[in-house]
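> I'd like to ask some things about the structure below.
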Amino acid sequence: FAVPKTRDMLQSLFNPVTPKTTFDIITLVTLSTHMVVALVLPLATRRAVLMAGFAFWRLCYNGGLGWILNWQSSRHGLVALFKRNGWLDPNRGGRVYTWLRSELEAKMGPGYSFESVPIEFNVWLLYRQLVDLVLLNDFATYFFLCSCYLGSANDTEPWHAFLRIAGGLTLLAFNLWVKVDAHRVVKDYAWYWGDFFFLVEQSLTFDGVFEMAPHPMYSIGYAGYYGGSLITGSYTIFYASLAAHMLQFLFLSLVENPHIEKTYERPPLAIQVIQKSRIRRMSAPMSDISDSARDTTASVGDACKVSIRERPTSLWHPELIVFKNFDLLRASDVLILLLLVYSVGVPLCFWWAFGHSQLVFVYSAAQCIIWVLFRTLVLGLLLRKQSTSQLITRWYIKHGGDGEEAFSSWRAVYNTATIMTYGSFGLVAMITYHWGDADFGNLILFHT
């Protein structure tokens, strides 16, 4: 069926000319209630009320909407409920049918025909109004809660406050861009979980924010939480934001990801991709391969046919992942351990023994910066070259190796860079760590 165009949520809700549905009126009343609470009640009372309101609407989002979506995904429960009770059936629905139809027609406008779309679409439209109610109140309670905690920070210098507020505003602007750009890509259909109710044939280009992070609406799309925490300078807001973000990731893991895997098939594992790639290379006709690459392909194919016991030890011995699978009898593992001891352990002992904290701090900070730049820039550039031109693989084949040896060496280098990045950062943290004059309550907050 032809999917009708849906109206913009903010315009249909706040435009005084647009007809209002029952859900719209409830949403506006609840939003006004939160505003009255934030303006009228005493500070301590409105903090408690708004915190309870934020917790309620956040649980309604991740718990309530999540349960409905999981029910709909596993059993088509919501659509089955409407079918069983005949609420959208003109012969069985009665007053409920008349009311729901008028609600949908007012929400969609003159271009919408109730009879020309399936029941799944109409149920999705009703669910969408419930989503608008929950999401807008969730945002409003968080906004008003942050307003109650403005000025909570005790900045010792004016530039501390400037950096804190500037960083918070930057995160809020970034959050807004992520949401707007994500909606540009997925449209209302995916924004309101339309594929839980019906499937449409459409081609989506996942560019923009989707090239920055997986599931950007749930990961970097909540950077505004931490922007609000910075602007207010309140640990209460920070922990409320952190808890809300954790609930959002639970929603992603327990509701959305299982539905995506069930509906669109689970993406193949890395080992499956490698095996298919090997089979494709070994079965490719030699006549389709250029003369310059024929010898290389043959050598890779021969290497794939070699028995596992005849391969180099690094290919069947478990690789080192941070310190998992560490082997004192493997030279590369011992060298990584010695590098960590000399780079982190020796400066730490020097600092404890002689107390030259400034010298050790400069060394540790410089080392940390170098390792971070190496891991992000140098290895990132190599990985990009490997993706575009197979630079690392061609280098090893040119010098008598193969693709598996190149991959094994890459893993060792990346693992070493990862260990040293976090190890050098830990050294900086240990050297700069001090309790100061903070009381016990603040110490608990700092360490949490």
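Each chain of the structure tokens is named A, B, ... in the order shown, its residues numbered from 1; ligands are numbered from 1 in display order.
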Applying 12 Å and only C-alpha atoms, which residues near Val372 in chain A remain after dropping the ones on its own chain fewer than 6 positions away? List them as a short mmCIF file (atom, residue, chain, number, x, y, z; two decimals) with all heavy atoms, in the first residue's frame.

data_model
loop_
_atom_site.label_atom_id
_atom_site.label_comp_id
_atom_site.auth_asym_id
_atom_site.auth_seq_id
_atom_site.Cartn_x
_atom_site.Cartn_y
_atom_site.Cartn_z
N ALA A 365 52.81 12.37 30.62
CA ALA A 365 51.83 13.05 29.77
C ALA A 365 52.25 13.02 28.30
O ALA A 365 51.42 12.76 27.42
CB ALA A 365 51.65 14.49 30.25
N ALA A 366 53.54 13.28 28.05
CA ALA A 366 54.03 13.24 26.68
C ALA A 366 53.89 11.83 26.09
O ALA A 366 53.48 11.65 24.94
CB ALA A 366 55.49 13.70 26.63
N VAL A 378 48.15 7.13 13.26
CA VAL A 378 49.02 6.25 12.47
C VAL A 378 48.31 4.95 12.12
O VAL A 378 48.25 4.55 10.95
CB VAL A 378 50.33 5.98 13.24
CG1 VAL A 378 51.21 5.01 12.44
CG2 VAL A 378 51.08 7.28 13.49
N LEU A 379 47.77 4.28 13.13
CA LEU A 379 47.07 3.02 12.85
C LEU A 379 45.79 3.27 12.06
O LEU A 379 45.41 2.43 11.24
CB LEU A 379 46.76 2.29 14.16
CG LEU A 379 47.98 1.80 14.96
CD1 LEU A 379 47.52 0.92 16.11
CD2 LEU A 379 48.96 1.04 14.06
N GLY A 380 45.14 4.39 12.31
CA GLY A 380 43.95 4.71 11.52
C GLY A 380 44.29 4.91 10.05
O GLY A 380 43.55 4.46 9.16
N TYR A 414 48.18 -3.60 16.93
CA TYR A 414 47.03 -2.90 17.48
C TYR A 414 46.86 -3.21 18.96
O TYR A 414 46.54 -2.32 19.76
CB TYR A 414 45.76 -3.28 16.71
CG TYR A 414 44.53 -2.56 17.21
CD1 TYR A 414 44.29 -1.24 16.85
CD2 TYR A 414 43.62 -3.20 18.05
CE1 TYR A 414 43.16 -0.57 17.31
CE2 TYR A 414 42.50 -2.54 18.52
CZ TYR A 414 42.28 -1.22 18.14
OH TYR A 414 41.18 -0.56 18.62
N THR A 416 49.23 -4.02 21.06
CA THR A 416 50.29 -3.31 21.77
C THR A 416 49.94 -1.83 21.95
O THR A 416 50.10 -1.27 23.04
CB THR A 416 51.62 -3.43 20.99
OG1 THR A 416 51.95 -4.82 20.84
CG2 THR A 416 52.75 -2.73 21.73
N ALA A 417 49.44 -1.21 20.88
CA ALA A 417 49.07 0.21 20.97
C ALA A 417 47.93 0.41 21.96
O ALA A 417 47.92 1.39 22.72
CB ALA A 417 48.68 0.73 19.59
N THR A 418 46.98 -0.51 22.01
CA THR A 418 45.87 -0.39 22.94
C THR A 418 46.35 -0.50 24.39
O THR A 418 45.97 0.29 25.26
CB THR A 418 44.82 -1.47 22.66
OG1 THR A 418 44.34 -1.32 21.31
CG2 THR A 418 43.65 -1.36 23.62
N ILE A 419 47.21 -1.49 24.66
CA ILE A 419 47.74 -1.67 26.01
C ILE A 419 48.52 -0.44 26.45
O ILE A 419 48.36 0.06 27.57
CB ILE A 419 48.62 -2.94 26.07
CG1 ILE A 419 47.76 -4.19 25.90
CG2 ILE A 419 49.39 -3.00 27.39
CD1 ILE A 419 48.57 -5.47 25.81
N MET A 420 49.36 0.08 25.57
CA MET A 420 50.19 1.22 25.95
C MET A 420 49.37 2.50 26.07
O MET A 420 49.69 3.37 26.89
CB MET A 420 51.31 1.40 24.92
CG MET A 420 52.32 0.26 24.92
SD MET A 420 52.99 -0.07 26.57
CE MET A 420 53.68 1.52 27.00
N THR A 421 48.33 2.65 25.29
CA THR A 421 47.48 3.84 25.41
C THR A 421 46.83 3.90 26.78
O THR A 421 46.89 4.92 27.48
CB THR A 421 46.40 3.83 24.31
OG1 THR A 421 47.03 3.88 23.03
CG2 THR A 421 45.48 5.03 24.46
N TYR A 422 46.22 2.79 27.19
CA TYR A 422 45.56 2.78 28.49
C TYR A 422 46.56 2.70 29.64
O TYR A 422 46.33 3.27 30.71
CB TYR A 422 44.58 1.61 28.56
CG TYR A 422 43.34 1.83 27.73
CD1 TYR A 422 43.22 1.30 26.45
CD2 TYR A 422 42.28 2.59 28.22
CE1 TYR A 422 42.09 1.51 25.68
CE2 TYR A 422 41.14 2.82 27.46
CZ TYR A 422 41.06 2.28 26.19
OH TYR A 422 39.94 2.50 25.43
N GLY A 423 47.68 2.03 29.42
CA GLY A 423 48.71 1.98 30.46
C GLY A 423 49.32 3.33 30.73
O GLY A 423 49.50 3.73 31.89
N SER A 424 49.66 4.08 29.68
CA SER A 424 50.24 5.42 29.86
C SER A 424 49.21 6.38 30.45
O SER A 424 49.57 7.25 31.26
CB SER A 424 50.76 5.94 28.52
OG SER A 424 49.71 6.01 27.56
N PHE A 425 47.95 6.23 30.08
CA PHE A 425 46.92 7.07 30.69
C PHE A 425 46.76 6.75 32.17
O PHE A 425 46.58 7.64 33.00
CB PHE A 425 45.58 6.87 29.97
CG PHE A 425 44.46 7.71 30.53
CD1 PHE A 425 44.34 9.05 30.20
CD2 PHE A 425 43.54 7.16 31.40
CE1 PHE A 425 43.32 9.82 30.72
CE2 PHE A 425 42.51 7.92 31.93
CZ PHE A 425 42.40 9.26 31.58
#
> Could you pull out all residues of range 314-448 of chain A with a DSSP call of alpha helix (DSSP H) and give them as a PyMOL selection string?
chain A and resi 314-316+331-340+346-354+357-373+379-389+391-398+403-432+440-447
> I'd like the interatomic distance between CA of Ala173 in chain A and CA of Gly221 in chain A, to a tenth of an Å.
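CA of Gly221 in chain A lies at a distance of 10.7 Å from CA of Ala173 in chain A.
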> Just want the 9 Å neighbourhood of Tyr239 in chain A, counted on only C-alpha atoms, with same-chain residues fewer than 5 positions away dropped. Output as an MDAnalysis selection string.
chainID A and resid 229 234 244
> Name all residues at most 12 Å from Tyr97 in chain A (count only C-alpha atoms; drop same-chain ones fewer than 2 positions away) and give them as a VMD selection string.
chain A and resid 82 to 83 85 to 95 99 to 104 114 122
> The selected residues should be written to file as a PDB file, in the first residue's frame (atoms: N, CA and C atoms).

ATOM      1  N   PHE A  82      -6.114  -5.053  18.798  1.00  0.00           N
ATOM      2  CA  PHE A  82      -7.105  -4.237  18.088  1.00  0.00           C
ATOM      3  C   PHE A  82      -8.009  -5.113  17.222  1.00  0.00           C
ATOM      4  N   LYS A  83      -7.435  -6.132  16.593  1.00  0.00           N
ATOM      5  CA  LYS A  83      -8.255  -7.011  15.763  1.00  0.00           C
ATOM      6  C   LYS A  83      -9.237  -7.816  16.616  1.00  0.00           C
ATOM      7  N   ASN A  85     -10.563  -7.122  19.507  1.00  0.00           N
ATOM      8  CA  ASN A  85     -11.638  -6.314  20.085  1.00  0.00           C
ATOM      9  C   ASN A  85     -12.415  -5.516  19.044  1.00  0.00           C
ATOM     10  N   GLY A  86     -11.924  -5.525  17.787  1.00  0.00           N
ATOM     11  CA  GLY A  86     -12.637  -4.835  16.718  1.00  0.00           C
ATOM     12  C   GLY A  86     -12.685  -3.337  16.862  1.00  0.00           C
ATOM     13  N   TRP A  87     -11.681  -2.751  17.503  1.00  0.00           N
ATOM     14  CA  TRP A  87     -11.714  -1.316  17.755  1.00  0.00           C
ATOM     15  C   TRP A  87     -11.589  -0.486  16.482  1.00  0.00           C
ATOM     16  N   LEU A  88     -10.984  -1.056  15.437  1.00  0.00           N
ATOM     17  CA  LEU A  88     -10.865  -0.344  14.165  1.00  0.00           C
ATOM     18  C   LEU A  88     -11.751  -0.965  13.096  1.00  0.00           C
ATOM     19  N   ASP A  89     -12.725  -1.748  13.517  1.00  0.00           N
ATOM     20  CA  ASP A  89     -13.675  -2.371  12.612  1.00  0.00           C
ATOM     21  C   ASP A  89     -15.002  -1.607  12.691  1.00  0.00           C
ATOM     22  N   PRO A  90     -15.501  -1.078  11.562  1.00  0.00           N
ATOM     23  CA  PRO A  90     -16.749  -0.284  11.621  1.00  0.00           C
ATOM     24  C   PRO A  90     -17.957  -1.105  12.066  1.00  0.00           C
ATOM     25  N   ASN A  91     -17.923  -2.414  11.876  1.00  0.00           N
ATOM     26  CA  ASN A  91     -19.063  -3.250  12.250  1.00  0.00           C
ATOM     27  C   ASN A  91     -19.035  -3.679  13.715  1.00  0.00           C
ATOM     28  N   ARG A  92     -17.893  -3.603  14.354  1.00  0.00           N
ATOM     29  CA  ARG A  92     -17.762  -4.099  15.733  1.00  0.00           C
ATOM     30  C   ARG A  92     -17.289  -3.030  16.714  1.00  0.00           C
ATOM     31  N   GLY A  93     -16.675  -1.992  16.192  1.00  0.00           N
ATOM     32  CA  GLY A  93     -16.018  -1.037  17.074  1.00  0.00           C
ATOM     33  C   GLY A  93     -16.941  -0.105  17.823  1.00  0.00           C
ATOM     34  N   GLY A  94     -18.067   0.254  17.228  1.00  0.00           N
ATOM     35  CA  GLY A  94     -19.002   1.153  17.896  1.00  0.00           C
ATOM     36  C   GLY A  94     -18.409   2.529  18.144  1.00  0.00           C
ATOM     37  N   ARG A  95     -18.611   3.040  19.343  1.00  0.00           N
ATOM     38  CA  ARG A  95     -18.129   4.383  19.677  1.00  0.00           C
ATOM     39  C   ARG A  95     -16.604   4.464  19.702  1.00  0.00           C
ATOM     40  N   TRP A  99     -14.473   7.145  17.585  1.00  0.00           N
ATOM     41  CA  TRP A  99     -13.525   8.058  18.242  1.00  0.00           C
ATOM     42  C   TRP A  99     -12.116   7.902  17.674  1.00  0.00           C
ATOM     43  N   LEU A 100     -11.639   6.657  17.540  1.00  0.00           N
ATOM     44  CA  LEU A 100     -10.290   6.430  17.030  1.00  0.00           C
ATOM     45  C   LEU A 100     -10.150   6.906  15.593  1.00  0.00           C
ATOM     46  N   ARG A 101     -11.169   6.704  14.788  1.00  0.00           N
ATOM     47  CA  ARG A 101     -11.097   7.172  13.401  1.00  0.00           C
ATOM     48  C   ARG A 101     -11.021   8.688  13.338  1.00  0.00           C
ATOM     49  N   SER A 102     -11.818   9.351  14.148  1.00  0.00           N
ATOM     50  CA  SER A 102     -11.764  10.817  14.158  1.00  0.00           C
ATOM     51  C   SER A 102     -10.416  11.310  14.653  1.00  0.00           C
ATOM     52  N   GLU A 103      -9.824  10.608  15.604  1.00  0.00           N
ATOM     53  CA  GLU A 103      -8.501  10.973  16.090  1.00  0.00           C
ATOM     54  C   GLU A 103      -7.457  10.880  14.973  1.00  0.00           C
ATOM     55  N   LEU A 104      -7.483   9.783  14.241  1.00  0.00           N
ATOM     56  CA  LEU A 104      -6.491   9.585  13.184  1.00  0.00           C
ATOM     57  C   LEU A 104      -6.696  10.566  12.032  1.00  0.00           C
ATOM     58  N   PHE A 114      -8.807   6.595   5.810  1.00  0.00           N
ATOM     59  CA  PHE A 114      -8.786   5.557   6.834  1.00  0.00           C
ATOM     60  C   PHE A 114      -8.955   4.162   6.236  1.00  0.00           C
ATOM     61  N   ASN A 122      -2.723   1.917  10.840  1.00  0.00           N
ATOM     62  CA  ASN A 122      -3.522   2.716  11.761  1.00  0.00           C
ATOM     63  C   ASN A 122      -3.135   2.477  13.217  1.00  0.00           C
TER      64      ASN A 122
END
